[in-house]
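A quick write-up on the structure given underneath.
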Amino acid sequence: MSQFAFKQFSVTQHHAAMKVSTDGILLGAWVPLAKANRIVDVGTGTGLIALMCKQRSPTSKVHAVEIDDDALKDAEFNIKHSPWPDIELHRCAIQEFDSELRFDLMVSNPPYFNASLKGENQARNRARHTDSLSFDALLDAFEKFTTDAGQLAVILPYQESLLFCRLAKARNWFLVSSCAIKTTPSKSYSRRLLLIGKQSIAQPSHEQSLVIYDVDNQYTNDFVSLCHEFYLKM
């Protein structure tokens with residue numbers, strides 16, 4: 001599908017190696033934005049998560065960082081033709097990003113494959129494998145570019161989320177909240193949404209779970225409640 005239509009914007013994806021996915025939609029719909037006046041989306045791809053954040057919080061200043069030239073073509077088009085053309089798009093890797101701004105929130109649907117076999121599509125390899133953006137590099141960027149009260153939201157496969165939490169804990173950061181995702185009730189958890197904070201919170205971290213499809217292969221009420229502001233047919 002070369003274009004994915006949402007209720008308030010569309011995502012053209014003619015060039016980007018990584019297309020619109022449920023992972024990205026889950027992250028964009030779930031991430032808490034109440035205290036996020038300045039947001040940076042790392043590895044924005046088509047611009048999906050940046051656009052979702054802007055829809056949910058129109059007064060926030062949203063920046064999007066992307067290294068891949070083909071993805072940038074789509075992101076630039078999608079931002080320009082959205083209701084929020086003021087999203088600032090940066091053509092670089094986050095390791096080369098240069099900004100005096102300090103963000104309240106960093107959000108990313110990051111690469112997560114470490115040792116799996118790669119295909120012939122180099123852009124897809126770059127988007128999916130940690131060669132171009134390791135977990136440590138993402139955490140370095142979080143430390144550098146966010147405020148003392150900054151937070152980092154990511155979505156990862158469940159097992160990789162455990163490693164990511166250990167790496168964050170080693171830097172004396174804290175798990176603020178998480179949401180474990182199942183595709184269907186009978187399957188194991190396949191994804192996990194994480195919100196990492198530099199500062200501890202008074203209450204224990206908030207642990208949630210969500211199932212996407214019920215036993216009749218229909219969207220669950222929880223999934224609809226989370227994503228209904230975006231999907232056309234919800």
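Here's how to read the names in the structure tokens: chain A, B, ... by the order shown, residue numbers from 1 in each chain, ligand numbers from 1 in the order shown.
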
### Message
Could you list, as a ChimeraX atom specification, every residue within 10 Å of region 79-92 of chain A, counting only C-alpha atoms and ignoring same-chain residues fewer than 3 positions away?
### Response
/A:8-12,39-44,46-48,50-51,54-55,58,60-69,72,74-76,95-98

### Query
Hey, what's within 6 Å of region 192-204 of chain A if we count only C-alpha atoms and toss same-chain stuff fewer than 6 positions away? As a list in words, please?
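Those residues are Ala149, Gln151, Leu152, Ala153, Val154, Ile155, Leu156, Tyr158, Trp173, Phe174, Leu175, Val176, Ser177, Ser178, Cys179, Ala180 and Ile181 of chain A.
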
Those same residues - N, CA, C and O atoms - I'd like them written as a CSV table (one decimal), in the first residue's frame.
chain,number,residue,atom,x,y,z
A,149,ALA,N,14.1,16.4,33.4
A,149,ALA,CA,12.9,15.6,33.6
A,149,ALA,C,12.4,14.9,32.4
A,149,ALA,O,11.2,14.5,32.3
A,151,GLN,N,11.7,12.3,29.2
A,151,GLN,CA,11.3,11.0,29.1
A,151,GLN,C,11.5,10.4,27.7
A,151,GLN,O,11.5,11.2,26.7
A,152,LEU,N,11.6,9.1,27.6
A,152,LEU,CA,11.9,8.4,26.4
A,152,LEU,C,10.9,7.3,26.2
A,152,LEU,O,10.7,6.5,27.1
A,153,ALA,N,10.1,7.3,25.1
A,153,ALA,CA,9.1,6.3,24.8
A,153,ALA,C,9.6,5.5,23.6
A,153,ALA,O,9.9,6.1,22.5
A,154,VAL,N,9.5,4.2,23.7
A,154,VAL,CA,9.9,3.3,22.6
A,154,VAL,C,8.9,2.1,22.5
A,154,VAL,O,8.2,1.8,23.5
A,155,ILE,N,8.9,1.4,21.4
A,155,ILE,CA,8.3,0.1,21.3
A,155,ILE,C,9.3,-0.9,20.8
A,155,ILE,O,10.1,-0.6,19.9
A,156,LEU,N,9.3,-2.0,21.4
A,156,LEU,CA,10.3,-3.1,21.1
A,156,LEU,C,9.7,-4.4,21.2
A,156,LEU,O,8.7,-4.6,21.9
A,158,TYR,N,9.3,-8.0,22.9
A,158,TYR,CA,9.2,-8.1,24.4
A,158,TYR,C,10.6,-8.4,25.0
A,158,TYR,O,11.0,-7.8,26.0
A,173,TRP,N,18.3,5.4,35.4
A,173,TRP,CA,17.0,5.9,34.9
A,173,TRP,C,15.9,4.9,35.3
A,173,TRP,O,16.2,3.9,35.8
A,174,PHE,N,14.7,5.3,35.1
A,174,PHE,CA,13.6,4.6,35.7
A,174,PHE,C,12.5,4.2,34.7
A,174,PHE,O,12.3,5.0,33.8
A,175,LEU,N,11.9,3.1,34.9
A,175,LEU,CA,10.7,2.7,34.1
A,175,LEU,C,9.5,3.4,34.7
A,175,LEU,O,9.1,3.1,35.8
A,176,VAL,N,8.9,4.3,33.9
A,176,VAL,CA,7.8,5.0,34.4
A,176,VAL,C,6.5,4.2,34.2
A,176,VAL,O,5.6,4.1,35.0
A,177,SER,N,6.4,3.7,32.9
A,177,SER,CA,5.2,2.9,32.6
A,177,SER,C,5.5,2.0,31.4
A,177,SER,O,6.5,2.2,30.7
A,178,SER,N,4.7,0.9,31.3
A,178,SER,CA,4.9,0.0,30.1
A,178,SER,C,3.6,-0.6,29.8
A,178,SER,O,2.7,-0.6,30.6
A,179,CYS,N,3.6,-1.2,28.6
A,179,CYS,CA,2.4,-1.9,28.1
A,179,CYS,C,2.8,-3.0,27.3
A,179,CYS,O,3.4,-2.8,26.2
A,180,ALA,N,2.5,-4.2,27.7
A,180,ALA,CA,2.9,-5.5,27.0
A,180,ALA,C,1.7,-5.8,26.0
A,180,ALA,O,0.6,-5.7,26.3
A,181,ILE,N,2.1,-6.1,24.8
A,181,ILE,CA,1.2,-6.3,23.7
A,181,ILE,C,1.1,-7.7,23.2
A,181,ILE,O,2.1,-8.3,22.9

### Task
as a PyMOL selection string, please: all residues of chain A that backbone DSSP puts in strand (DSSP E or B).
chain A and resi 3-6+10-12+38-42+61-66+88-91+103-108+113+129+146-157+174-182+191-197+206-211+213+219+231

### Task
Would you list, as a ChimeraX atom specification, the residues of region 89-225 of chain A that end up in alpha helix (DSSP H) under DSSP run on this structure's backbone?
/A:122-128,135-145,158-170,221-225

### Query
So, counting only C-alpha atoms, which residue among A:Asp136, A:Ala93, A:Glu143, A:Tyr112 is closest to Ser161 (chain A)?
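Looking only at the distances to Ser161 (chain A), the closest residue turns out to be A:Tyr112.
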
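Among the candidate residues A:Met52, A:Thr147, A:Ala170, A:Leu226, the one lying nearest to Gly28 (chain A) is A:Met52, with distances computed using only C-alpha atoms.
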
### Query
Using only C-alpha atoms, which residue out of A:Ala34, A:Val215, A:Ile49, A:Val224 lies closest to Asp104 (chain A)?
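Smallest separation from Asp104 (chain A) among the options: A:Ala34.
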
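The shortest atom-to-atom distance to Leu27 (chain A), with only C-alpha atoms taken into account, belongs to A:Asn109 out of A:Thr220, A:Asn172, A:Asn109, A:Ser209.
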
Residues within 12 Å of Thr184 (chain A), please, as a compact mmCIF listing (two decimals) with C-alpha atoms, in the first residue's frame. Count only C-alpha atoms; anything in the same chain fewer than 3 positions from it doesn't count.
# COMPACT_ATOMS: atom_id res chain seq x y z
CA ILE A 181 1.17 -6.26 23.66
CA LYS A 187 -0.40 -15.76 21.89
CA SER A 188 2.56 -14.69 23.99
CA TYR A 189 3.45 -11.05 24.42
CA SER A 190 5.22 -9.94 21.25
CA SER A 209 -1.23 -5.06 28.88
CA LEU A 210 -3.21 -4.91 25.66
CA VAL A 211 -4.55 -7.47 23.18
CA ILE A 212 -5.08 -6.28 19.60
CA TYR A 213 -7.53 -8.92 18.26
CA ASP A 214 -10.16 -10.92 20.14
CA VAL A 215 -11.04 -14.59 19.53
CA ASP A 216 -13.28 -13.55 16.61
CA ASN A 217 -10.38 -11.69 14.96
CA GLN A 218 -11.99 -8.31 15.67
CA TYR A 219 -10.22 -5.39 17.29
CA THR A 220 -10.57 -5.49 21.06
CA PHE A 223 -7.25 -1.39 21.08
